[in-house]
Structure formats: structure tokens, C-alpha cells
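protein.cif follows; it contains mmCIF, C-alpha atoms and all ligand atoms.
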data_model
loop_
_atom_site.label_atom_id
_atom_site.label_comp_id
_atom_site.auth_asym_id
_atom_site.auth_seq_id
_atom_site.Cartn_x
_atom_site.Cartn_y
_atom_site.Cartn_z
CA PRO Z 209 41.40 -142.06 50.63
CA PRO Z 210 38.03 -141.90 48.84
CA LYS Z 211 35.84 -138.81 49.08
CA VAL Z 212 32.88 -139.19 51.46
CA LEU Z 213 29.34 -138.56 50.27
CA VAL Z 214 27.11 -138.33 53.35
CA LEU Z 215 23.61 -139.50 52.46
CA THR Z 216 21.11 -138.31 54.99
CA GLY Z 217 17.48 -137.46 55.63
CA GLY Z 218 14.87 -138.10 58.31
CA ILE Z 219 13.53 -141.52 59.21
CA GLY Z 220 11.67 -143.11 56.31
CA SER Z 221 12.92 -140.53 53.81
CA GLY Z 222 14.55 -143.22 51.65
CA LYS Z 223 18.24 -143.11 52.58
CA SER Z 224 18.62 -146.90 52.41
CA THR Z 225 16.74 -147.00 49.13
CA PHE Z 226 19.16 -144.47 47.60
CA ALA Z 227 22.14 -146.23 49.20
CA ARG Z 228 21.12 -149.48 47.49
CA ALA Z 229 20.85 -147.62 44.17
CA PHE Z 230 24.40 -146.26 44.60
CA GLU Z 231 25.60 -149.71 45.60
CA ALA Z 232 24.12 -151.17 42.42
CA LEU Z 233 26.30 -148.66 40.54
CA GLY Z 234 29.40 -150.02 42.28
CA VAL Z 235 29.79 -147.35 44.97
CA PRO Z 236 30.82 -148.76 48.38
CA CYS Z 237 28.14 -147.84 50.95
CA LEU Z 238 28.36 -147.79 54.71
CA ASP Z 239 25.31 -147.83 56.97
CA ALA Z 240 26.52 -145.63 59.85
CA ASP Z 241 23.43 -146.33 61.92
CA ALA Z 242 24.07 -150.09 61.65
CA LEU Z 243 27.66 -149.39 62.65
CA ALA Z 244 26.38 -147.58 65.76
CA ARG Z 245 24.35 -150.69 66.59
CA THR Z 246 27.44 -152.91 66.40
CA VAL Z 247 29.01 -150.59 69.00
CA HIS Z 248 26.15 -150.58 71.47
CA GLN Z 249 25.53 -154.31 71.07
CA ASP Z 250 29.11 -154.97 72.17
CA PRO Z 251 29.17 -155.05 76.00
CA ALA Z 252 32.97 -154.67 75.98
CA HIS Z 253 33.05 -151.47 73.93
CA PRO Z 254 34.02 -148.45 76.09
CA ALA Z 255 31.17 -146.39 74.60
CA THR Z 256 28.65 -149.09 75.60
CA VAL Z 257 30.05 -149.18 79.12
CA GLN Z 258 29.72 -145.41 79.35
CA ILE Z 259 26.12 -145.44 78.07
CA GLY Z 260 25.30 -148.19 80.58
CA ARG Z 261 26.57 -146.00 83.41
CA ALA Z 262 24.50 -143.05 82.23
CA PHE Z 263 21.36 -145.08 81.46
CA PRO Z 264 21.33 -148.30 83.54
CA GLN Z 265 17.65 -148.78 82.64
CA ALA Z 266 18.68 -149.38 79.01
CA MET Z 267 21.10 -152.21 79.74
CA ALA Z 268 20.32 -155.84 78.92
CA PRO Z 269 21.53 -158.43 81.46
CA ASP Z 270 24.54 -159.23 79.21
CA GLY Z 271 25.71 -155.61 79.33
CA SER Z 272 24.70 -154.74 75.77
CA LEU Z 273 22.08 -152.13 74.92
CA ALA Z 274 19.04 -153.87 73.53
CA ARG Z 275 17.54 -152.23 70.46
CA GLY Z 276 13.95 -152.30 71.68
CA THR Z 277 14.98 -150.83 75.02
CA LEU Z 278 16.96 -148.14 73.27
CA ARG Z 279 13.89 -147.16 71.33
CA SER Z 280 11.66 -146.99 74.40
CA VAL Z 281 14.24 -145.16 76.54
CA PHE Z 282 15.62 -142.74 73.97
CA ALA Z 283 13.27 -142.30 71.03
CA LEU Z 284 10.82 -140.06 72.86
CA ASP Z 285 13.32 -138.26 75.11
CA PRO Z 286 15.31 -135.69 73.13
CA ALA Z 287 17.79 -134.95 75.96
CA ALA Z 288 18.62 -138.62 76.51
CA ASN Z 289 18.83 -139.04 72.74
CA GLU Z 290 21.39 -136.22 72.51
CA GLU Z 291 23.49 -137.74 75.28
CA LEU Z 292 23.40 -141.15 73.58
CA LYS Z 293 24.58 -139.65 70.30
CA ARG Z 294 27.31 -137.63 72.04
CA ILE Z 295 28.77 -140.85 73.50
CA LEU Z 296 28.38 -142.99 70.36
CA ARG Z 297 29.57 -140.45 67.80
CA PRO Z 298 33.39 -140.67 68.24
CA ALA Z 299 33.30 -144.48 68.31
CA VAL Z 300 31.23 -144.68 65.13
CA LEU Z 301 33.32 -142.04 63.35
CA ALA Z 302 36.55 -143.92 64.06
CA LEU Z 303 35.11 -147.16 62.62
CA ALA Z 304 33.67 -145.37 59.58
CA ASP Z 305 37.00 -143.72 58.89
CA ASP Z 306 38.85 -147.07 59.05
CA TRP Z 307 36.35 -148.61 56.65
CA THR Z 308 36.63 -145.68 54.19
CA ARG Z 309 40.41 -145.91 54.00
CA ARG Z 310 40.11 -149.56 52.97
CA GLN Z 311 37.83 -148.86 49.96
CA GLN Z 312 39.12 -148.63 46.40
CA SER Z 313 36.77 -146.13 44.79
CA PRO Z 314 36.75 -142.41 43.94
CA TYR Z 315 34.05 -141.94 46.52
CA VAL Z 316 32.04 -143.83 49.11
CA VAL Z 317 28.60 -143.27 50.62
CA TRP Z 318 27.97 -142.96 54.34
CA GLU Z 319 24.29 -143.38 55.04
CA SER Z 320 23.10 -141.95 58.35
CA ALA Z 321 20.02 -140.41 59.90
CA LEU Z 322 22.32 -138.81 62.49
CA ALA Z 323 24.65 -137.25 59.97
CA MET Z 324 23.40 -133.72 60.23
CA ASP Z 325 24.07 -133.08 63.89
CA GLN Z 326 27.68 -134.11 63.94
CA ALA Z 327 30.83 -132.66 62.53
CA LEU Z 328 31.45 -135.21 59.81
CA PRO Z 329 34.41 -135.23 57.47
CA ALA Z 330 31.96 -135.12 54.58
CA THR Z 331 33.18 -134.06 51.18
CA ARG Z 332 29.57 -133.49 50.18
CA VAL Z 333 26.18 -133.91 51.86
CA LEU Z 334 23.28 -135.35 49.87
CA VAL Z 335 19.90 -134.94 51.55
CA VAL Z 336 16.95 -137.12 50.65
CA ASP Z 337 13.96 -134.83 50.99
CA THR Z 338 10.59 -136.53 51.18
CA SER Z 339 7.18 -135.21 52.15
CA ASP Z 340 5.98 -136.13 55.66
CA ARG Z 341 3.00 -137.74 54.02
CA SER Z 342 5.10 -140.21 51.97
CA ARG Z 343 7.34 -140.86 54.97
CA ALA Z 344 4.44 -141.60 57.33
CA ALA Z 345 2.87 -143.96 54.79
CA ARG Z 346 6.15 -145.82 54.21
CA ILE Z 347 7.03 -146.05 57.91
CA ALA Z 348 3.55 -147.40 58.68
CA LEU Z 349 3.96 -150.05 55.95
CA ARG Z 350 7.30 -151.12 57.37
CA ASN Z 351 6.16 -151.13 61.03
CA PRO Z 352 2.58 -152.41 61.09
CA ASP Z 353 2.67 -152.62 64.92
CA TRP Z 354 3.29 -148.88 65.38
CA THR Z 355 0.31 -146.61 65.97
CA ARG Z 356 -0.27 -143.48 63.89
CA GLY Z 357 0.69 -141.48 66.98
CA GLN Z 358 4.00 -143.31 67.31
CA VAL Z 359 4.79 -142.75 63.63
CA ALA Z 360 3.96 -139.04 63.97
CA SER Z 361 6.08 -138.57 67.10
CA ILE Z 362 9.08 -140.35 65.55
CA ILE Z 363 8.85 -138.03 62.56
CA ALA Z 364 8.47 -135.00 64.85
CA LEU Z 365 11.61 -136.00 66.78
CA GLN Z 366 13.75 -135.76 63.64
CA LEU Z 367 15.66 -132.61 62.92
CA PRO Z 368 13.46 -130.08 61.12
CA ARG Z 369 13.50 -130.37 57.35
CA ALA Z 370 15.08 -126.90 57.11
CA ASP Z 371 18.09 -128.07 59.16
CA TYR Z 372 18.75 -130.87 56.72
CA LEU Z 373 18.34 -128.58 53.73
CA ALA Z 374 20.63 -125.94 55.24
CA ARG Z 375 23.50 -128.43 55.35
CA ALA Z 376 22.83 -129.98 51.95
CA ASP Z 377 25.17 -129.63 49.02
CA ASP Z 378 22.71 -131.62 46.94
CA VAL Z 379 19.05 -132.44 47.50
CA VAL Z 380 17.17 -135.30 45.95
CA GLN Z 381 13.39 -135.76 46.09
CA ASN Z 382 11.88 -139.13 46.94
CA ASP Z 383 8.15 -138.90 46.41
CA GLY Z 384 8.12 -140.94 43.23
CA THR Z 385 8.69 -144.53 42.14
CA LEU Z 386 11.71 -146.78 42.67
CA ASP Z 387 12.51 -146.41 38.95
CA GLU Z 388 12.81 -142.68 39.54
CA VAL Z 389 15.17 -143.36 42.46
CA ARG Z 390 17.42 -145.42 40.19
CA ALA Z 391 17.43 -142.73 37.49
CA LEU Z 392 18.22 -139.96 39.99
CA ALA Z 393 21.02 -141.99 41.58
CA LEU Z 394 22.55 -142.58 38.15
CA GLN Z 395 22.49 -138.82 37.38
CA LEU Z 396 24.14 -138.02 40.70
CA HIS Z 397 26.70 -140.78 40.22
CA HIS Z 398 27.76 -139.29 36.88
CA ARG Z 399 28.21 -135.91 38.56
CA TYR Z 400 30.25 -137.29 41.47
CA THR Z 401 32.37 -139.38 39.15
CA ASP Z 402 33.14 -136.26 37.08
CA LEU Z 403 33.99 -134.33 40.24
CA TRP Z 404 36.15 -136.92 41.93
CA SER Z 405 37.76 -139.24 39.41
P1 LIG Z 501 15.24 -145.23 58.13
O1 LIG Z 501 15.93 -143.98 58.59
O2 LIG Z 501 14.02 -145.51 58.89
O3 LIG Z 501 16.14 -146.41 57.97
P2 LIG Z 501 15.39 -144.59 55.36
O4 LIG Z 501 15.52 -143.13 55.20
O5 LIG Z 501 16.60 -145.43 55.18
O6 LIG Z 501 14.66 -144.90 56.69
P3 LIG Z 501 14.14 -146.37 53.50
O7 LIG Z 501 14.29 -147.56 54.39
O8 LIG Z 501 14.98 -146.31 52.28
O9 LIG Z 501 14.28 -145.02 54.32
O10 LIG Z 501 12.63 -146.18 53.04
C1 LIG Z 501 11.58 -146.31 53.99
C2 LIG Z 501 10.55 -147.29 53.43
O11 LIG Z 501 9.95 -146.72 52.28
C3 LIG Z 501 11.15 -148.62 53.00
O12 LIG Z 501 10.23 -149.64 53.30
C4 LIG Z 501 11.31 -148.46 51.49
O13 LIG Z 501 11.25 -149.68 50.82
C5 LIG Z 501 10.17 -147.54 51.14
N1 LIG Z 501 10.50 -146.62 50.02
C6 LIG Z 501 11.48 -145.71 49.99
N2 LIG Z 501 11.51 -145.02 48.83
C7 LIG Z 501 10.48 -145.51 48.10
C8 LIG Z 501 9.95 -145.20 46.80
N3 LIG Z 501 10.47 -144.23 46.02
N4 LIG Z 501 8.89 -145.91 46.39
C9 LIG Z 501 8.33 -146.86 47.18
N5 LIG Z 501 8.77 -147.20 48.41
C10 LIG Z 501 9.83 -146.54 48.88
#
Here is the file; what I need is its structure written in the form of C-alpha cells.
Amino acid sequence: PPKVLVLTGGIGSGKSTFARAFEALGVPCLDADALARTVHQDPAHPATVQIGRAFPQAMAPDGSLARGTLRSVFALDPAANEELKRILRPAVLALADDWTRRQQSPYVVWESALAMDQALPATRVLVVDTSDRSRAARIALRNPDWTRGQVASIIALQLPRADYLARADDVVQNDGTLDEVRALALQLHHRYTDLWS
């Protein structure tokens, strides 16, 4: 099976932006956070049933876990957030593993904000490291309805920057332009291709 490059970083750091740059170079990319959403939007999935028992206030009438509700119930409650991740993690990992085994490529990218606090079968961890200032500005652009306070508390809820860096095999900075992102992704891609082909 392909090697797994875990691409991680806090919210708004630029994971998706780097993932798209790798994708443009032909590397299969998986959005693990989107995969988690497919699990909790499926009322029949055992993990969704379990979350619904633990947090009935987060359930939609159809038995799925609505995204907006998830944000209001979990985003600002670290303990509930931990419990949610503990339940979702094995389900998401199993799906990600299935997907990886189907790819024909020396390596694949798993993009996830949650990557750092789980025991992932990562071959290498690439952390996107971005100043809080750039992140806050980009998050605010993307979510015009969020207040400055909401943006700040979402950033504060992320794992500390040092935790990401401690687990990183490679670190890439994202305080520059999109052209710089493409150039950095190409450099990294050459390195990973040398390592894993
Ligand atoms: P999330 O965890 O919230 O999904 P993310 O880490 O995947 O965030 P992105 O979605 O890639 O981050 O980036 C956040 C926002 O910042 C996006 O709107 C993106 O277009 C923008 N952005 C990211 N990197 C750059 C850059 N180098 N220059 C300009 N805009 C950028």
C-alpha cells in the first residue's frame, strides 16, 4: 500500500490549500475531516448512534448529527470535543485505510486537523505552520458571520503550536502567497518521491 503523508495544522493554517497543491501534482489526497462528516451524517452508522446516546442535544430529528449543532455543542467544550473524537476516530481510520489501499501511487496525503491527537499510521507528518495573525485574517475572510471573539476562541481551542511541531517530521510555513505554496509543495513532492518511489 502507498505510504501515508499526514498533512496537518490548526484551523485556517492552510492544510486544504497545500492538499490541493499536492493533488495538482498527481498525489491522491483524502480529507479526513470530510470523511468524519460522512460518518456523523449517517444516522445508521454505529459511531453516530453512539454519539447520539452520549449527546442527545446534538441529534437532528433524522438521527444524524447536524454540522451547525456539532459546532455549537462541541466547538467550545473541550471535554465534549475529546469524547466526540474518541468515538469517531476508529470509524474514520478504518475508512481512510480502505481508501489508501485502493490508491495507485507511491504515497498519498491524509489531510486532517485532528491528526495530531490520534495514533495514526503515518509514514511522515507534515505540519503547516502559520502565524495566528494570518490564520485569524483568513478565517475571518472565509466566515464573515463569525465575530472576532469566535475566531479567537476557535484558534485557542486548537492544540498548541508546539504540540504540532513536536510531532512534525517536516514543517512548512504558510504566511506567503499561493505561488509560494505551489513552489513549496513541489519541493516537498520531489523529496517524498525520492524517498518512496
Ligand atoms: P480548516 O482547518 O479550517 O479547513 P485549513 O487549514 O484547511 O483550514 P485552508 O482552508 O487551506 O486552511 O486555508 C484557510 C483560508 O485561507 C482559505 O480561505 C484559503 O483560501 C486561505 N489561504 C490559505 N493559504 C493561503 C495563502 N498562502 N494565501 C492566501 N490565502 C490563503
All residues 12 Å or closer to Leu278 (chain Z), all atoms listed in the file, same chain fewer than 3 positions away omitted, as a VMD selection string: chain Z and resid 245 248 to 249 256 259 to 260 263 to 268 272 to 275 281 to 285 288 to 289 292 to 293
Please give me, as JSON, numbers by chain, the residues lying within 7 Å of ligand LIG 501 (chain Z) when counting all atoms listed in the file. {"Z": [217, 218, 219, 220, 221, 222, 223, 224, 225, 226, 321, 343, 346, 347, 349, 350, 382, 383, 384, 385, 386, 389]}
Between CA of Val300 (chain Z) and CA of Leu233 (chain Z), what is the spacing in Å?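 So the answer is 25.4 Å.
Point (26.0, -143.1, 51.8) has the following residues at most 10 Å away: Val212, Leu213, Val214, Leu215, Thr216, Lys223, Ser224, Phe226, Ala227, Arg228, Phe230, Glu231, Val235, Pro236, Cys237, Leu238, Asp239, Ala240, Tyr315, Val316, Val317, Trp318, Glu319, Ser320, Val333 and Leu334 of chain Z (atoms considered: only C-alpha atoms).
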Please, what distance in Å, to one decimal, runs between CA of Val335 (chain Z) and CA of Lys211 (chain Z)?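 Separation between CA of Val335 (chain Z) and CA of Lys211 (chain Z): 16.6 Å.
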Pairwise distance, CA of Val247 (chain Z) with CA of Leu296 (chain Z), equals 7.7 Å
Pick out the residues sitting within 12 Å of Asp402 (chain Z), and hand them over as a PDB file with C-alpha atoms, in the frame of the given file; count only C-alpha atoms, and ignore anything fewer than 6 positions along from it in its own chain.
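Saved file out-v8.pdb follows:
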ATOM      1  CA  PRO Z 314      36.750-142.410  43.940  1.00  0.00           C
ATOM      2  CA  TYR Z 315      34.050-141.940  46.520  1.00  0.00           C
ATOM      3  CA  GLN Z 395      22.490-138.820  37.380  1.00  0.00           C
ATOM      4  CA  LEU Z 396      24.140-138.020  40.700  1.00  0.00           C
TER       5      LEU Z 396
END
Here is a test: counting only C-alpha atoms, which residue of Z:Leu365, Z:Thr277, Z:Ala304, Z:Ala345 is nearest to Glu290 (chain Z)?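 Answer, going by the shortest atom-to-atom distance: Z:Leu365.
Nearest to Ala330 (chain Z) of all the residues Z:Leu301, Z:Ala391, Z:Ile363, Z:Ala244 is Z:Leu301, counting only C-alpha atoms.
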Tell me, as a ChimeraX atom specification, which residues lie within 7 Å of Thr308 (chain Z), counting only C-alpha atoms; anything in the same chain fewer than 3 positions away does not count. /Z:209-210,304-305,311
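Shortest separation to Val359 (chain Z) among Z:Ser342, Z:Ser405, Z:Gln258, Z:Ser313 occurs at residue Z:Ser342, atoms counted being all atoms listed in the file.
When only C-alpha atoms are used to compute distances to Pro368 (chain Z), the closest of the residues Z:Asp340, Z:Pro254, Z:Arg399, Z:Ser280 turns out to be Z:Asp340.
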